[in-house]
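**Student:** Starting off with a structure, shown below.
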Amino acid sequence: MTYTPRSEFLNVMQSRGYMADCTDLQGLDDALTKGVVTAYIGYDATAASLHVGHLLNIMMLRWLQKTGHRPLTLMGGGTTKVGDPSFRSDERPLLGPEQIEANIRGMQKVFARYLEYNDKAGTPVASGGNKALMRNNAEWLDSLNYLDFLRDIGRHFSVNRMLSFESVKSRLDREQSLSFLEFNYMILQAYDFLELNRRYGCVLQMGGSDQWGNIVNGIDLTRRVLDREIYGLTSPLLTTSDGRKMGKSAGGAVWLNGEMLSPYEFWQFWRNTTDADVGRFLKLYTELPVDECDRLGALAGSEINEGKIILANEVTTLLHGAEAAAAAEATAREVFEKGGVGDDLPTLELSAEEVGGGISIVQLIVRTGLAKSGKEAKRLITDNGARLNDEPLTDAGLMLDAAALSAPVKLSAGKKRHALVTLAV
């Protein structure tokens with residue numbers, strides 16, 4: 001028999017499709033109905049921006065706050081120095097302290113769009129209520145005494161059990177190296193949960209289902225050391241209906257920072273959603289009522305495009321604001337329905353010095369991000385997938401001079417990816 005939660009938060013998690021597993025659903029439900037629950041998700045600072053793959057869990061934190069509870073975003077200033085080995089085939093490249101701090105600053109911009117912190121800069125101080133907290137695990141991990149940590153914390157971990165976790169086991173089964181540094185990651189993450197419970201009364205860790213083993217470790221450690229009941233809740237690892245990993249596009253990762261991916265490109269990513277995913281993505285990535293998500297997802301034929309545009313507008317509004325979403329939709333209509341240029345396309349601005357006596361079309365395709373390499377750009381042209389100002393581009397040796405760039409030039413890769421090239425005045 002399926003458990004029907006009494007708390008608003010768990011009802012949202014179930015009805016909108018956020019929930020994969022929970023360590024104690026009834027116990028967590030009881031805690032959520034008794035008062036404000038503090039819950040956290042950890043984010044290692046491995047890049048200067050979060051990407052669409054993080055968005056599902058950010059929405060979980062947003063719903064947590066909307067239903068009266070307190071989200072805590074834990075920045076992995078300490079754990080990033082080690083690197084999470086979960087379901088990876090090789091060791092993550094190690095980053096220096098300056099790069100980690102720069103990455104955290106970039107990630108903070110995104111959280112400030114979805115959560116209300118105690119201060120608007122995204123670096124809040126602890127207080128009551130359900131205002132969000134942001135913390136950095138370097139606060140406690142950087143100052144650990146290794147021998148004390150081994151004696152007080154390490155003794156609670158069984159190597160036999162750690163080796164049985166799927167994230168480690170899959171690596172060893174493929175006979176791929178797992179360094180001692182990476183092996184320590186799950187202990188440090190478990191210690192994070194212990195510290196957050198001790199310092200901020202945090203009783204729930206959330207994350208993708210690939211984090212289940214790490215979450216359970218933290219729960220067991222906190223029970224052993226502090227004798228407190230805490231909980232874990234995981235979301236499904238999301239793939240599109242055609243089996244692709246959510247958050248990947250032809251151009252690479254779909255970044256959430258506007259400086260790394262324009263609002264128009266972000267909007268277009270959602271507009272290109274496969275028909276079968278529209279209803280599900282509306283429930284996960286927007287705040288529209290579930291019934292409306294189901295209605296839009298059930299539209300057939302060309303009518304499903306209405307659902308895709310609403311999806312793109314709603315998701316883009318949450319991240320970049322209503323004006324950016326409206327501008328992106330207007331540009332899309334200009335480009336796709338009228339064959340125009342549009343005001344909001346990704347733009348590469350060249351100086352007269354860069355153009356010189358001429359610049360190759362292959363180089364422009366690469367620099368606008370429509371291809372990752374010259375080889376890929378040439379193949380795009382050869383396969384009749386490239387267009388210049390909406391006309392087929394067939395000459396991979398074409399050079400454009402300053403006169404040709406006196407007006408904006410529109411480049412296209414396939415039917416859905418476009419960019420402008422302009423000459424600085």
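In the structure tokens, the first chain shown is A, the next is B, and so on; residue numbers restart at 1 for each chain, and ligands run from 1 in the order shown.
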For Gln14 in chain A, list every protein, DNA or RNA residue within 10 Å, evaluated using only C-alpha atoms, and leave out those in the same chain fewer than 5 positions away; present the list as an MDAnalysis selection string.

**Tutor:** chainID A and resid 4:5 9 19:20

**Student:** Those same residues - N, CA, C and O atoms - I'd like them written as a compact mmCIF listing (two decimals), in the first residue's frame.

**Tutor:**
# COMPACT_ATOMS: atom_id res chain seq x y z
N THR A 4 0.55 7.70 2.00
CA THR A 4 0.08 9.03 1.64
C THR A 4 0.55 10.02 2.69
O THR A 4 0.08 10.00 3.83
N PRO A 5 1.49 10.90 2.34
CA PRO A 5 2.03 11.82 3.34
C PRO A 5 1.03 12.90 3.76
O PRO A 5 0.15 13.29 2.98
N PHE A 9 5.11 19.33 1.81
CA PHE A 9 6.34 19.14 1.04
C PHE A 9 6.40 17.75 0.41
O PHE A 9 6.68 17.62 -0.79
N MET A 19 10.47 12.24 -6.20
CA MET A 19 10.95 11.29 -5.20
C MET A 19 11.32 9.94 -5.80
O MET A 19 10.53 9.34 -6.52
N ALA A 20 12.53 9.47 -5.46
CA ALA A 20 12.95 8.12 -5.83
C ALA A 20 12.88 7.22 -4.59
O ALA A 20 12.19 6.21 -4.58

**Student:** Find the residues near Met399 in chain A: any atom within 8 Å, counting only C-alpha atoms, skip ones fewer than 6 places away on the same chain, and give them as a VMD selection string.

**Tutor:** chain A and resid 358 to 361

**Student:** Residues of the last selection are to be written out with C-alpha atoms, as a compact mmCIF listing (two decimals), in the first residue's frame.

**Tutor:**
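part-v7.txt was written with the following content:
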# COMPACT_ATOMS: atom_id res chain seq x y z
CA GLY A 358 39.48 37.92 -44.08
CA ILE A 359 38.39 35.28 -41.55
CA SER A 360 37.40 31.72 -42.43
CA ILE A 361 33.81 30.54 -42.15

**Student:** Could you name the residues that touch range 102-108 of chain A at 8 Å or less, counting only C-alpha atoms, but leaving out those on the same chain fewer than 5 positions away, as JSON, numbers by chain?

**Tutor:** {"A": [45, 46, 47, 48, 49, 50, 75, 77, 122, 257]}

**Student:** May I have the residues within 7 Å of Ile215 in chain A as a ChimeraX atom specification, using only C-alpha atoms and disregarding those fewer than 3 positions away in the same chain?

**Tutor:** /A:190,205,211-212,218-219,232

**Student:** For each of A:Glu229, A:Glu287, A:Asp192, A:Asp401, take the minimum atom-to-atom distance to Tyr43 in chain A, counting only C-alpha atoms, then give the residue where this is smallest.

**Tutor:**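 Comparing A:Glu229, A:Glu287, A:Asp192, A:Asp401 against Tyr43 in chain A, the winner is A:Asp192.
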
**Student:** Kindly give the distance, in Å, that separates CA of Leu256 in chain A and CA of Phe281 in chain A, rounded to a single decimal.

**Tutor:** 16.6 Å

**Student:** Which residue is closest to Lys375 in chain A? Choose from A:Ile310, A:Val362, A:Val82, A:Leu55 and count only C-alpha atoms.

**Tutor:**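 Of the candidates, the smallest distance to Lys375 in chain A is held by A:Val362.
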
**Student:** Residues of range 132-240 of chain A in helix (DSSP H, G or I) according to DSSP, as a ChimeraX atom specification?

**Tutor:** /A:138-141,146-152,154-156,159-164,166-173,180-183,185-200,209-226

**Student:** DSSP on the backbone: what in range 137-268 of chain A comes out strand (DSSP E), as a list in words?

**Tutor:** Cys202, Val203, Leu204, Gln205, Met206, Gly207, Gly208, Tyr231, Gly232, Leu233, Thr234, Ser235, Lys248, Ser249, Gly252 and Ala253 of chain A

**Student:** Quick one: residues within 12 Å of Asn137 in chain A, only C-alpha atoms, excluding same-chain residues fewer than 5 positions away - as a PyMOL selection string?

**Tutor:** chain A and resi 41-45+72-81+104+142-144+188-196+199

**Student:** Counting only C-alpha atoms, what is within 8 Å of Val315 in chain A, bar same-chain residues fewer than 6 positions away, as a PyMOL selection string?

**Tutor:** chain A and resi 267+270+285-286

**Student:** Find the distance between CA of Ile304 in chain A and CA of Ala276 in chain A and write it in Å to one decimal.

**Tutor:**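 Interatomic distance, CA of Ile304 in chain A to CA of Ala276 in chain A: 9.5 Å.
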